[in-house]
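K.L.:
For reference, this is data.cif, and it has mmCIF, C-alpha atoms and all ligand atoms.
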```cif
data_model
#
loop_
_atom_site.label_atom_id
_atom_site.label_comp_id
_atom_site.auth_asym_id
_atom_site.auth_seq_id
_atom_site.Cartn_x
_atom_site.Cartn_y
_atom_site.Cartn_z
CA MET A 65 0.00 0.00 0.00
CA THR A 66 1.45 3.32 -1.06
CA THR A 67 1.03 6.58 0.80
CA THR A 68 -2.02 8.38 -0.54
CA PRO A 69 -3.76 11.48 0.78
CA ALA A 70 -6.27 9.16 2.37
CA SER A 71 -3.72 6.92 4.09
CA SER A 72 -1.93 9.89 5.67
CA VAL A 73 -5.30 11.00 7.07
CA ALA A 74 -5.71 7.58 8.68
CA ASP A 75 -2.38 8.08 10.50
CA TYR A 76 -3.39 11.61 11.49
CA ILE A 77 -6.68 10.40 12.98
CA ASP A 78 -4.93 7.61 14.88
CA THR A 79 -2.55 10.19 16.35
CA HIS A 80 -5.47 12.43 17.39
CA ARG A 81 -7.74 9.63 18.53
CA GLU A 82 -8.28 10.90 22.09
CA ALA A 83 -9.39 14.33 20.90
CA PHE A 84 -11.65 12.73 18.27
CA LEU A 85 -13.26 10.52 20.91
CA GLU A 86 -13.72 13.47 23.24
CA ASP A 87 -15.65 15.32 20.52
CA LEU A 88 -17.74 12.23 19.92
CA ARG A 89 -18.47 11.92 23.64
CA THR A 90 -19.57 15.56 23.74
CA LEU A 91 -22.06 14.99 20.92
CA VAL A 92 -23.42 11.67 22.21
CA HIS A 93 -23.93 13.16 25.67
CA ALA A 94 -25.82 16.12 24.21
CA GLU A 95 -29.05 14.16 23.80
CA THR A 96 -31.18 15.05 20.77
CA PRO A 97 -34.41 13.05 20.58
CA SER A 98 -36.24 13.88 17.32
CA THR A 99 -39.37 15.07 19.13
CA ASP A 100 -37.80 17.14 21.91
CA LYS A 101 -37.37 20.65 20.55
CA PRO A 102 -35.62 22.19 23.58
CA LEU A 103 -33.05 19.35 23.60
CA LEU A 104 -32.65 19.58 19.81
CA ASP A 105 -32.00 23.32 20.07
CA ALA A 106 -29.45 22.87 22.83
CA GLY A 107 -27.89 19.87 21.06
CA LEU A 108 -27.46 21.81 17.82
CA ASP A 109 -25.61 24.52 19.74
CA VAL A 110 -23.24 21.81 21.01
CA VAL A 111 -22.81 20.39 17.50
CA ARG A 112 -21.97 23.83 16.18
CA ALA A 113 -19.46 24.44 18.96
CA VAL A 114 -17.65 21.15 18.26
CA VAL A 115 -17.57 21.57 14.49
CA VAL A 116 -16.55 25.23 14.60
CA GLY A 117 -13.99 24.37 17.27
CA LEU A 118 -12.34 22.05 14.74
CA LEU A 119 -12.76 24.06 11.55
CA GLY A 120 -13.00 27.67 12.68
CA GLU A 121 -15.79 30.12 12.00
CA PRO A 122 -17.57 29.28 8.76
CA SER A 123 -17.42 31.68 5.83
CA ALA A 124 -21.20 31.56 5.60
CA GLU A 125 -23.81 30.31 8.00
CA ALA A 126 -27.59 30.02 8.25
CA ARG A 127 -29.85 28.47 10.85
CA HIS A 128 -33.34 27.68 9.57
CA ASP A 129 -36.16 27.48 12.08
CA GLY A 130 -37.64 23.99 12.01
CA GLY A 131 -40.83 24.94 13.88
CA SER A 132 -41.62 21.96 16.10
CA TYR A 133 -38.90 20.00 14.28
CA GLY A 134 -35.19 20.42 14.79
CA ASP A 135 -33.62 23.50 13.17
CA VAL A 136 -31.40 23.08 10.10
CA LEU A 137 -27.88 24.46 10.39
CA ASP A 138 -26.06 25.29 7.17
CA LEU A 139 -22.29 25.91 7.52
CA ARG A 140 -19.81 26.63 4.72
CA TRP A 141 -16.04 26.78 4.60
CA GLU A 142 -13.75 27.71 1.74
CA GLY A 143 -11.61 25.13 0.04
CA ARG A 144 -7.81 25.01 0.33
CA ASP A 145 -5.11 24.27 -2.16
CA ALA A 146 -2.12 22.08 -1.32
CA GLU A 147 -0.21 25.12 0.03
CA GLY A 148 -2.99 25.81 2.47
CA THR A 149 -4.17 28.90 0.62
CA MET A 150 -7.87 29.53 0.82
CA VAL A 151 -9.68 28.79 -2.39
CA PRO A 152 -12.97 30.62 -2.40
CA ALA A 153 -15.70 28.83 -4.24
CA ALA A 154 -15.63 30.09 -7.83
CA ASP A 155 -19.31 29.44 -7.73
CA ALA A 156 -21.42 27.63 -5.22
CA GLY A 157 -21.53 24.60 -7.51
CA ASP A 158 -17.91 23.74 -6.65
CA ALA A 159 -18.75 22.86 -3.08
CA VAL A 160 -19.14 19.37 -1.69
CA LEU A 161 -22.19 19.08 0.53
CA VAL A 162 -22.12 16.76 3.54
CA VAL A 163 -25.54 15.99 5.00
CA CYS A 164 -25.71 14.85 8.63
CA HIS A 165 -28.66 14.51 10.98
CA TYR A 166 -28.12 15.32 14.63
CA ASP A 167 -31.41 13.90 15.94
CA THR A 168 -31.55 10.38 17.33
CA VAL A 169 -34.29 7.89 18.16
CA TRP A 170 -33.27 7.80 21.82
CA PRO A 171 -35.49 9.47 24.46
CA ALA A 172 -34.19 12.02 26.94
CA GLY A 173 -32.38 10.50 29.89
CA THR A 174 -31.08 7.43 28.02
CA ILE A 175 -27.56 8.71 28.56
CA GLU A 176 -27.92 8.41 32.35
CA THR A 177 -27.94 4.62 32.22
CA TRP A 178 -26.02 4.29 28.97
CA PRO A 179 -23.13 6.74 28.72
CA LEU A 180 -20.65 6.46 25.87
CA SER A 181 -18.38 3.60 26.86
CA VAL A 182 -15.67 1.36 25.48
CA ASP A 183 -15.87 -2.42 25.53
CA GLY A 184 -12.97 -3.98 23.64
CA ASP A 185 -13.25 -2.67 20.07
CA TRP A 186 -16.80 -1.50 20.71
CA LEU A 187 -17.69 2.09 21.43
CA THR A 188 -21.30 2.04 22.53
CA GLY A 189 -23.78 4.80 23.31
CA PRO A 190 -27.15 6.14 22.13
CA GLY A 191 -26.86 7.61 18.65
CA VAL A 192 -23.11 7.03 18.36
CA LEU A 193 -23.58 5.05 15.14
CA ASP A 194 -26.69 6.81 13.84
CA MET A 195 -25.16 9.27 13.41
CA LYS A 196 -23.22 11.42 15.84
CA PHE A 197 -20.05 9.75 14.56
CA GLY A 198 -20.72 11.02 11.03
CA ILE A 199 -20.74 14.63 12.24
CA VAL A 200 -17.45 14.35 14.11
CA GLN A 201 -15.94 12.33 11.27
CA THR A 202 -16.78 15.02 8.71
CA ALA A 203 -15.21 17.84 10.70
CA TRP A 204 -12.10 15.79 11.50
CA ALA A 205 -11.69 14.69 7.87
CA VAL A 206 -11.61 18.32 6.72
CA LYS A 207 -9.33 19.33 9.59
CA ALA A 208 -6.90 16.53 8.75
CA LEU A 209 -6.79 17.52 5.07
CA ARG A 210 -6.02 21.11 6.03
CA GLU A 211 -3.32 20.24 8.52
CA LEU A 212 -1.70 17.74 6.18
CA GLY A 213 -1.68 20.31 3.38
CA ILE A 214 -3.95 18.27 1.15
CA GLY A 215 -6.21 20.34 -1.05
CA HIS A 216 -9.95 20.04 -0.66
CA PRO A 217 -12.95 21.73 -2.26
CA PRO A 218 -15.23 24.17 -0.44
CA VAL A 219 -17.20 22.16 2.10
CA ARG A 220 -20.77 22.77 3.14
CA MET A 221 -22.22 20.91 6.12
CA LEU A 222 -25.98 20.69 6.44
CA LEU A 223 -27.07 19.52 9.89
CA THR A 224 -30.70 18.42 10.11
CA GLY A 225 -32.76 17.53 13.15
CA ASP A 226 -35.67 15.41 11.94
CA GLU A 227 -34.25 12.63 9.78
CA GLU A 228 -35.51 9.92 12.12
CA ILE A 229 -39.09 11.16 11.80
CA GLY A 230 -39.23 11.72 8.04
CA SER A 231 -37.19 14.90 7.37
CA VAL A 232 -40.25 17.12 7.06
CA ALA A 233 -38.29 20.26 7.96
CA GLY A 234 -34.96 19.06 6.60
CA ARG A 235 -36.01 17.91 3.14
CA PRO A 236 -36.42 21.28 1.35
CA HIS A 237 -33.05 22.48 2.67
CA ILE A 238 -31.34 19.22 1.70
CA GLU A 239 -32.77 19.38 -1.81
CA ALA A 240 -31.88 23.06 -2.28
CA ALA A 241 -28.32 22.61 -0.97
CA ALA A 242 -27.76 19.49 -3.10
CA ARG A 243 -28.88 21.40 -6.20
CA GLU A 244 -26.24 24.06 -5.42
CA SER A 245 -23.41 21.55 -4.87
CA ALA A 246 -21.09 19.51 -7.05
CA LEU A 247 -21.62 16.40 -4.98
CA THR A 248 -23.55 15.32 -1.88
CA LEU A 249 -22.05 13.01 0.72
CA VAL A 250 -24.03 11.42 3.55
CA THR A 251 -22.12 10.09 6.54
CA GLU A 252 -24.84 7.74 7.72
CA PRO A 253 -23.55 4.39 9.06
CA SER A 254 -21.72 2.26 6.51
CA ALA A 255 -22.49 -1.34 5.56
CA ALA A 256 -19.54 -2.95 7.39
CA GLY A 257 -17.31 -0.19 6.00
CA ASN A 258 -18.89 -0.23 2.54
CA PRO A 259 -20.85 2.66 1.05
CA LYS A 260 -24.56 2.13 0.52
CA ASP A 261 -25.49 2.49 -3.14
CA ARG A 262 -29.13 1.45 -3.08
CA ARG A 263 -31.79 2.17 -0.53
CA LYS A 264 -35.42 1.28 -0.57
CA GLY A 265 -38.09 3.94 -0.70
CA MET A 266 -40.96 4.03 1.76
CA VAL A 267 -44.69 4.46 1.85
CA PHE A 268 -46.47 4.79 5.18
CA ALA A 269 -50.21 4.24 5.47
CA ASP A 270 -52.47 4.74 8.50
CA LEU A 271 -55.75 2.84 8.18
CA ARG A 272 -58.58 3.77 10.53
CA VAL A 273 -62.05 2.27 10.70
CA THR A 274 -64.85 3.73 12.77
CA GLY A 275 -67.87 1.57 13.58
CA ARG A 276 -70.49 1.46 16.30
CA GLN A 277 -70.14 -0.08 19.75
CA ALA A 278 -72.70 -2.48 21.17
CA HIS A 279 -72.96 -5.17 23.87
CA ALA A 280 -71.68 -8.43 22.43
CA GLY A 281 -74.34 -10.51 24.20
CA LEU A 282 -77.44 -8.37 24.52
CA GLU A 283 -77.64 -6.61 21.17
CA PRO A 284 -74.66 -7.30 18.89
CA GLU A 285 -76.85 -6.54 15.85
CA LYS A 286 -76.94 -2.90 16.95
CA GLY A 287 -73.17 -2.67 16.58
CA ALA A 288 -70.87 -2.46 13.57
CA SER A 289 -67.46 -3.93 14.29
CA ALA A 290 -64.52 -1.81 13.21
CA VAL A 291 -62.20 -4.72 14.06
CA HIS A 292 -64.02 -7.16 11.77
CA ALA A 293 -64.07 -4.65 8.94
CA LEU A 294 -60.41 -3.66 9.21
CA ALA A 295 -59.31 -7.29 9.58
CA ALA A 296 -61.15 -8.11 6.36
CA LEU A 297 -59.25 -5.35 4.60
CA ILE A 298 -55.77 -6.36 5.76
CA SER A 299 -55.36 -9.22 3.30
CA GLU A 300 -55.84 -6.71 0.46
CA VAL A 301 -53.11 -4.51 1.93
CA VAL A 302 -50.70 -7.42 2.27
CA ALA A 303 -51.48 -8.41 -1.33
CA LEU A 304 -49.85 -5.15 -2.49
CA GLU A 305 -46.53 -6.89 -1.91
CA SER A 306 -44.52 -7.82 -5.00
CA ALA A 307 -41.59 -10.16 -4.49
CA GLU A 308 -40.73 -9.80 -8.16
CA HIS A 309 -40.30 -6.02 -7.85
CA GLY A 310 -38.78 -6.02 -4.37
CA THR A 311 -41.83 -4.44 -2.73
CA THR A 312 -42.54 -5.52 0.83
CA VAL A 313 -45.56 -4.77 3.02
CA THR A 314 -45.55 -4.86 6.81
CA VAL A 315 -48.66 -4.25 8.88
CA GLY A 316 -46.67 -3.23 11.92
CA THR A 317 -49.49 -2.59 14.35
CA PHE A 318 -53.17 -3.48 14.56
CA HIS A 319 -55.22 -2.08 17.42
CA GLY A 320 -58.94 -2.00 17.96
CA GLY A 321 -61.80 -2.43 20.38
CA THR A 322 -62.14 -1.81 24.07
CA GLY A 323 -63.08 -5.21 25.51
CA ARG A 324 -63.89 -8.81 24.68
CA ASN A 325 -67.62 -8.33 25.10
CA VAL A 326 -67.91 -5.07 23.17
CA VAL A 327 -68.47 -4.79 19.43
CA ALA A 328 -65.49 -2.64 18.49
CA GLY A 329 -66.21 0.99 17.69
CA ALA A 330 -62.74 1.75 16.31
CA ALA A 331 -59.70 0.00 14.84
CA GLU A 332 -56.40 1.18 13.44
CA ALA A 333 -53.50 -0.38 11.54
CA LEU A 334 -50.12 1.20 10.73
CA VAL A 335 -48.57 -0.05 7.51
CA ASP A 336 -44.99 0.21 6.23
CA VAL A 337 -44.26 -0.46 2.56
CA ARG A 338 -40.72 -0.57 1.10
CA VAL A 339 -40.04 -0.29 -2.61
CA THR A 340 -36.98 -0.50 -4.81
CA MET A 341 -38.58 1.07 -7.90
CA PRO A 342 -40.22 4.50 -8.28
CA GLU A 343 -43.02 2.97 -10.37
CA GLU A 344 -43.78 0.64 -7.50
CA GLN A 345 -44.04 3.56 -5.11
CA GLU A 346 -46.60 5.18 -7.43
CA ARG A 347 -48.56 1.95 -7.79
CA VAL A 348 -48.67 1.30 -4.05
CA VAL A 349 -49.73 4.88 -3.24
CA ALA A 350 -52.53 4.73 -5.82
CA GLU A 351 -53.76 1.34 -4.59
CA LEU A 352 -53.65 2.36 -0.95
CA GLN A 353 -55.59 5.53 -1.71
CA ALA A 354 -58.18 3.50 -3.59
CA LEU A 355 -58.79 1.07 -0.72
CA ARG A 356 -62.44 0.48 0.19
CA LEU A 357 -63.89 -1.81 2.82
CA PRO A 358 -64.80 -5.19 1.30
CA GLU A 359 -68.35 -6.53 1.34
CA PRO A 360 -70.38 -6.96 3.46
CA TYR A 361 -68.79 -4.05 5.39
CA ALA A 362 -68.86 -1.64 2.47
CA ALA A 363 -72.67 -1.75 2.47
CA ASP A 364 -72.88 -0.88 6.19
CA GLU A 365 -73.19 2.88 6.45
CA ARG A 366 -72.19 2.85 10.11
CA LEU A 367 -68.66 1.87 9.10
CA THR A 368 -66.21 4.39 7.70
CA LEU A 369 -62.67 3.88 6.47
CA GLU A 370 -60.03 6.59 6.55
CA VAL A 371 -56.68 6.07 4.80
CA ASP A 372 -53.70 8.43 5.24
CA VAL A 373 -50.90 7.71 2.79
CA ASP A 374 -47.45 9.27 3.03
CA ALA A 375 -45.00 8.44 0.24
CA ASN A 376 -42.13 9.39 2.50
CA ARG A 377 -38.88 8.68 0.69
CA PRO A 378 -38.33 7.69 -2.93
CA PRO A 379 -36.07 4.68 -3.59
CA MET A 380 -32.38 5.38 -4.19
CA ASN A 381 -30.75 3.70 -7.17
CA PRO A 382 -27.43 4.88 -8.59
CA GLY A 383 -28.02 6.74 -11.85
CA PRO A 384 -25.49 7.86 -14.47
CA GLU A 385 -24.47 10.77 -12.22
CA THR A 386 -23.53 8.53 -9.29
CA ALA A 387 -22.28 5.26 -10.83
CA PRO A 388 -18.83 6.63 -11.90
CA LEU A 389 -18.41 8.18 -8.43
CA LEU A 390 -18.92 4.81 -6.81
CA GLU A 391 -16.10 3.46 -8.98
CA ARG A 392 -13.88 6.31 -7.77
CA VAL A 393 -14.74 5.46 -4.17
CA VAL A 394 -13.71 1.86 -4.76
CA GLU A 395 -10.39 3.13 -6.17
CA ILE A 396 -9.85 5.45 -3.20
CA GLY A 397 -10.56 2.45 -0.97
CA ARG A 398 -7.87 0.45 -2.78
CA GLY A 399 -5.43 3.25 -1.94
CA LEU A 400 -6.26 2.43 1.67
CA GLY A 401 -5.75 -1.29 1.14
CA ARG A 402 -9.46 -1.99 1.15
CA GLU A 403 -11.72 -3.71 -1.34
CA LEU A 404 -14.99 -1.84 -0.96
CA GLN A 405 -18.26 -3.27 -2.18
CA PRO A 406 -21.13 -0.80 -2.52
CA THR A 407 -24.08 -2.42 -0.82
CA ALA A 408 -27.86 -2.29 -1.21
CA VAL A 409 -29.88 -1.85 1.99
CA GLY A 410 -33.55 -1.67 2.95
CA GLY A 411 -33.38 1.38 5.22
CA ALA A 412 -33.83 4.85 3.73
CA SER A 413 -31.90 8.06 4.43
CA ASP A 414 -31.77 11.68 3.31
CA ALA A 415 -29.67 10.50 0.35
CA ASN A 416 -32.89 9.13 -1.14
CA PHE A 417 -34.13 12.70 -1.71
CA VAL A 418 -30.94 13.76 -3.47
CA SER A 419 -30.81 10.65 -5.64
CA ALA A 420 -34.42 11.15 -6.72
CA LEU A 421 -33.45 14.58 -8.10
CA GLY A 422 -30.90 12.92 -10.39
CA LEU A 423 -28.01 14.51 -8.50
CA PRO A 424 -24.75 12.73 -7.56
CA VAL A 425 -24.78 11.39 -4.02
CA LEU A 426 -22.67 8.96 -1.99
CA ASP A 427 -24.16 7.49 1.16
CA GLY A 428 -23.20 5.18 3.99
CA LEU A 429 -19.75 6.77 4.37
CA GLY A 430 -19.96 6.86 8.16
CA ALA A 431 -19.16 4.53 11.01
CA VAL A 432 -18.56 0.81 10.98
CA GLY A 433 -20.90 -0.62 13.56
CA GLU A 434 -24.16 -2.34 14.31
CA GLY A 435 -27.44 -1.88 16.09
CA PRO A 436 -28.83 1.48 14.95
CA HIS A 437 -32.04 2.17 16.92
CA ALA A 438 -31.21 -0.80 19.18
CA VAL A 439 -29.80 -1.16 22.68
CA HIS A 440 -26.61 -2.71 21.33
CA GLU A 441 -25.89 0.32 19.11
CA HIS A 442 -22.11 0.62 18.76
CA ILE A 443 -19.30 1.53 16.42
CA LEU A 444 -15.96 -0.19 16.02
CA LEU A 445 -13.00 1.83 17.28
CA SER A 446 -10.90 0.14 14.61
CA GLY A 447 -13.18 1.66 11.96
CA ILE A 448 -12.73 5.30 12.99
CA ALA A 449 -9.47 6.09 11.19
CA PRO A 450 -10.22 4.08 8.01
CA GLN A 451 -13.68 5.61 7.57
CA THR A 452 -12.47 9.14 8.25
CA ALA A 453 -9.62 8.57 5.79
CA LEU A 454 -12.03 7.29 3.16
CA LEU A 455 -14.22 10.37 3.55
CA ALA A 456 -11.16 12.63 3.38
CA GLY A 457 -9.99 10.79 0.26
CA ILE A 458 -13.36 11.42 -1.41
CA LEU A 459 -13.17 15.12 -0.48
CA ALA A 460 -9.60 15.46 -1.76
CA ASP A 461 -10.61 13.71 -4.97
CA ALA A 462 -13.38 16.24 -5.57
CA VAL A 463 -11.02 19.20 -6.01
CA LYS A 464 -11.87 20.86 -9.30
ZN ZN B 501 -29.38 7.98 10.46
#
```
If you took the structure in this file and wrote it as structure tokens, what would it be?
Ligand SMILES: [Zn+2]
P.N.:
Amino acid sequence: MTTTPASSVADYIDTHREAFLEDLRTLVHAETPSTDKPLLDAGLDVVRAVVVGLLGEPSAEARHDGGSYGDVLDLRWEGRDAEGTMVPAADAGDAVLVVCHYDTVWPAGTIETWPLSVDGDWLTGPGVLDMKFGIVQTAWAVKALRELGIGHPPVRMLLTGDEEIGSVAGRPHIEAAARESALTLVTEPSAAGNPKDRRKGMVFADLRVTGRQAHAGLEPEKGASAVHALAALISEVVALESAEHGTTVTVGTFHGGTGRNVVAGAAEALVDVRVTMPEEQERVVAELQALRLPEPYAADERLTLEVDVDANRPPMNPGPETAPLLERVVEIGRGLGRELQPTAVGGASDANFVSALGLPVLDGLGAVGEGPHAVHEHILLSGIAPQTALLAGILADAVK
């Protein structure tokens, strides 16, 4: 293995490992549950302090109010040439955008019983993998390039606070920033060190049936069971699945009724559909919206069905704008003595939005680890330097 810009970054990160880990600890301990606005606000201040502490004051900055969702912080720094001279962006399109979310799925107080801690090669803590690491990694990658005198393009970090709940506030900012950038990188967790080149798209549906309650023994005929009606509909929902097209349907929850001896007045099911093809997303949305209660329930005017469909994220498939970049990433990996294999995954990310616009995007460049959203969430300490070096190598390669 020869010395490449990326491999010297790996050495640099190893040398600065304690400081890197301290930054990571600071971010993990600043809890940021997606639905807790005061904690998100405070957490974003901490994120800014850590990132600006590493990279200095940005050349441009904006903080967009997220309403009840987490704010979006947009930070930009100039590029540098190999002599360390600032290279102002000739136009905004020269910049590389790195999208990170700072919200996590973990509720407030989790950190009290589960602080960031080391166990062998494991570094475990709430949100360390998904994706506090990716924020620290990005800032350290740029810092390393600067200090090693390796040129890099202007860098723009977009920090969003609602990725885990659908990116309602983040999405327009992500799409706008990606349109203004040469390339978008997403430092979500990697697939065992490999970038993620395909992600499924999602459709969420909430099905609600209202009926009429009655005593199950005395006068069941006066009732109209919402449970019976919704149960009869579920097989139609499951039938939307298409193994051939990679479309899966999960009825994740089914709730209804108030007691064994009561004809149920209400029932609800929450449905999760994953698709690999945009046409499948359209088909599923149309079919969900067209759902009607089957007979004999359809004829019963006391029963009503309400369907809320949210085509949350489009599927991500590498188009002509991204495929050659993935080949470059594999080459950069070889410079680090690695044989990377871009990997398809079921979970979606903010990269799905960028990909759907036909813009170049690389995703899954973050930590090596396991257990996102699970109590065994951890990253591998041995993955920190290689993944930060890979990210730095991609940045250095993007110099115009
Ligand atoms: Zn994530």
K.L.:
For stretch 255-269 of chain A, please output as number ranges by chain all residues within 7 Å (counting all atoms listed in the file; exclusion window: fewer than 3 positions along the same chain).
P.N.:
A: 334-340, 371-382, 404-412, 427-429, 432-433
K.L.:
Quick one: which chain A residues come within 9 Å of ligand ZN 501 (chain B), and what is the nearest atom pair for each with the distance in Å to one decimal, counting only C-alpha atoms and all ligand atoms, rows ordered by chain and ascending number, as CSV?
P.N.:
```
residue,atom,partner,partner_atom,distance
A:Cys164,CA,B:ZN501,ZN,8.0
A:His165,CA,B:ZN501,ZN,6.6
A:Tyr166,CA,B:ZN501,ZN,8.5
A:Asp167,CA,B:ZN501,ZN,8.3
A:Thr168,CA,B:ZN501,ZN,7.6
A:Gly191,CA,B:ZN501,ZN,8.6
A:Leu193,CA,B:ZN501,ZN,8.0
A:Asp194,CA,B:ZN501,ZN,4.5
A:Met195,CA,B:ZN501,ZN,5.3
A:Lys196,CA,B:ZN501,ZN,8.9
A:Glu227,CA,B:ZN501,ZN,6.8
A:Glu228,CA,B:ZN501,ZN,6.6
A:Thr251,CA,B:ZN501,ZN,8.5
A:Glu252,CA,B:ZN501,ZN,5.3
A:Pro253,CA,B:ZN501,ZN,7.0
A:Ala412,CA,B:ZN501,ZN,8.7
A:Ser413,CA,B:ZN501,ZN,6.5
A:Asp414,CA,B:ZN501,ZN,8.4
A:Pro436,CA,B:ZN501,ZN,7.9
```
K.L.:
Write to file, as a compact mmCIF listing (two decimals), in the coordinates of the input, the residues of the selection just made, with C-alpha atoms.
P.N.:
```
# COMPACT_ATOMS: atom_id res chain seq x y z
CA CYS A 164 -25.71 14.85 8.63
CA HIS A 165 -28.66 14.51 10.98
CA TYR A 166 -28.12 15.32 14.63
CA ASP A 167 -31.41 13.90 15.94
CA THR A 168 -31.55 10.38 17.33
CA GLY A 191 -26.86 7.61 18.65
CA LEU A 193 -23.58 5.05 15.14
CA ASP A 194 -26.69 6.81 13.84
CA MET A 195 -25.16 9.27 13.41
CA LYS A 196 -23.22 11.42 15.84
CA GLU A 227 -34.25 12.63 9.78
CA GLU A 228 -35.51 9.92 12.12
CA THR A 251 -22.12 10.09 6.54
CA GLU A 252 -24.84 7.74 7.72
CA PRO A 253 -23.55 4.39 9.06
CA ALA A 412 -33.83 4.85 3.73
CA SER A 413 -31.90 8.06 4.43
CA ASP A 414 -31.77 11.68 3.31
CA PRO A 436 -28.83 1.48 14.95
```
K.L.:
Provide the atom CA of A:Ala203 to atom CA of A:Leu88 distance in Å, to one decimal place.
P.N.:
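Between atom CA of A:Ala203 and atom CA of A:Leu88 the gap works out to 11.1 Å.
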K.L.:
Rank A:Ser299, A:Thr202, A:Thr90, A:Thr224 by their smallest atom-to-atom distance to A:Leu249, using only C-alpha atoms, and report the top residue only.
P.N.:
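Using only C-alpha atoms, the shortest distance to A:Leu249 belongs to A:Thr202.
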K.L.:
So, counting only C-alpha atoms, which residue among A:Thr99, A:Thr274, A:Ser231, A:Thr248 is closest to A:Leu423?
P.N.:
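Of all the options, A:Thr248 lies closest to A:Leu423.
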K.L.:
Padding of 3 Å on every side, edges along x, y and z, all listed atoms of stretch 241-253 of chain A included: what centre and edge lengths in Å, to one decimal, does that box have, as AutoDock Vina command-line options?
P.N.:
```
--center_x -25.0 --center_y 14.2 --center_z 1.0 --size_x 13.8 --size_y 25.7 --size_z 22.1
```
K.L.:
Out of A:Gly275, A:Gly107, A:Gly184, A:Gly189, which residue has the shortest atom-to-atom distance to A:Leu357 when counting all atoms listed in the file?
P.N.:
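Once distances to A:Leu357 are computed over all atoms listed in the file, the minimum belongs to A:Gly275.
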K.L.:
Check the smallest atom-to-atom distance from each of A:Gln345, A:Leu355, A:Arg324, A:Ala460 to A:Val301 using all atoms listed in the file, then report the winner.
P.N.:
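Closest residue, counting all atoms listed in the file: A:Leu355.
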K.L.:
Which residue is closest to A:Leu369? Choose from A:Glu86, A:Glu300, A:Glu211, A:Glu332 and count all atoms listed in the file.
P.N.:
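Checking each of A:Glu86, A:Glu300, A:Glu211, A:Glu332 against A:Leu369, counting all atoms listed in the file, the winner is A:Glu332.
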K.L.:
If you count all atoms listed in the file, which residues fall within 12 Å of A:Arg356, apart from same-chain ones fewer than 4 positions away, as a PDB file with C-alpha atoms, keeping the file's coordinate frame?
P.N.:
```
ATOM      1  CA  LEU A 271     -55.750   2.840   8.180  1.00  0.00           C
ATOM      2  CA  ARG A 272     -58.580   3.770  10.530  1.00  0.00           C
ATOM      3  CA  VAL A 273     -62.050   2.270  10.700  1.00  0.00           C
ATOM      4  CA  ALA A 293     -64.070  -4.650   8.940  1.00  0.00           C
ATOM      5  CA  LEU A 294     -60.410  -3.660   9.210  1.00  0.00           C
ATOM      6  CA  ALA A 296     -61.150  -8.110   6.360  1.00  0.00           C
ATOM      7  CA  LEU A 297     -59.250  -5.350   4.600  1.00  0.00           C
ATOM      8  CA  ILE A 298     -55.770  -6.360   5.760  1.00  0.00           C
ATOM      9  CA  GLU A 300     -55.840  -6.710   0.460  1.00  0.00           C
ATOM     10  CA  VAL A 301     -53.110  -4.510   1.930  1.00  0.00           C
ATOM     11  CA  GLU A 351     -53.760   1.340  -4.590  1.00  0.00           C
ATOM     12  CA  LEU A 352     -53.650   2.360  -0.950  1.00  0.00           C
ATOM     13  CA  PRO A 360     -70.380  -6.960   3.460  1.00  0.00           C
ATOM     14  CA  TYR A 361     -68.790  -4.050   5.390  1.00  0.00           C
ATOM     15  CA  ALA A 362     -68.860  -1.640   2.470  1.00  0.00           C
ATOM     16  CA  ALA A 363     -72.670  -1.750   2.470  1.00  0.00           C
ATOM     17  CA  LEU A 367     -68.660   1.870   9.100  1.00  0.00           C
ATOM     18  CA  THR A 368     -66.210   4.390   7.700  1.00  0.00           C
ATOM     19  CA  LEU A 369     -62.670   3.880   6.470  1.00  0.00           C
ATOM     20  CA  GLU A 370     -60.030   6.590   6.550  1.00  0.00           C
ATOM     21  CA  VAL A 371     -56.680   6.070   4.800  1.00  0.00           C
TER      22      VAL A 371
END
```
K.L.:
Of the candidates A:Ala205, A:Ala331, A:Met341, A:Val136, which shows the shortest atom-to-atom distance to A:Val115, using all atoms listed in the file?
P.N.:
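For A:Val115, the nearest of the candidates is A:Ala205.
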K.L.:
Between atom CA of A:Ala462 and atom CA of A:Val116, what is the distance in Å, rounded to a tenth?
P.N.:
22.3 Å
K.L.:
Write out as number ranges by chain the residues lying within 10 Å of A:Tyr76, counting only C-alpha atoms and excluding same-chain residues fewer than 6 positions away.
P.N.:
A: 70, 204-205, 207-209, 211-212, 449, 452-453
K.L.:
Please produce a file of the residues just selected, as an mmCIF file, in the frame of the given file, where the atoms kept are C-alpha atoms.
P.N.:
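Saved as out10.cif:
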```cif
data_model
loop_
_atom_site.group_PDB
_atom_site.id
_atom_site.type_symbol
_atom_site.label_atom_id
_atom_site.label_comp_id
_atom_site.auth_asym_id
_atom_site.auth_seq_id
_atom_site.Cartn_x
_atom_site.Cartn_y
_atom_site.Cartn_z
ATOM 1 C CA ALA A 70 -6.270 9.160 2.370
ATOM 2 C CA TRP A 204 -12.100 15.790 11.500
ATOM 3 C CA ALA A 205 -11.690 14.690 7.870
ATOM 4 C CA LYS A 207 -9.330 19.330 9.590
ATOM 5 C CA ALA A 208 -6.900 16.530 8.750
ATOM 6 C CA LEU A 209 -6.790 17.520 5.070
ATOM 7 C CA GLU A 211 -3.320 20.240 8.520
ATOM 8 C CA LEU A 212 -1.700 17.740 6.180
ATOM 9 C CA ALA A 449 -9.470 6.090 11.190
ATOM 10 C CA THR A 452 -12.470 9.140 8.250
ATOM 11 C CA ALA A 453 -9.620 8.570 5.790
#
```
K.L.:
Please, what distance in Å, to one decimal, runs between atom CA of A:Glu95 and atom CA of A:Ile238?
P.N.:
22.8 Å
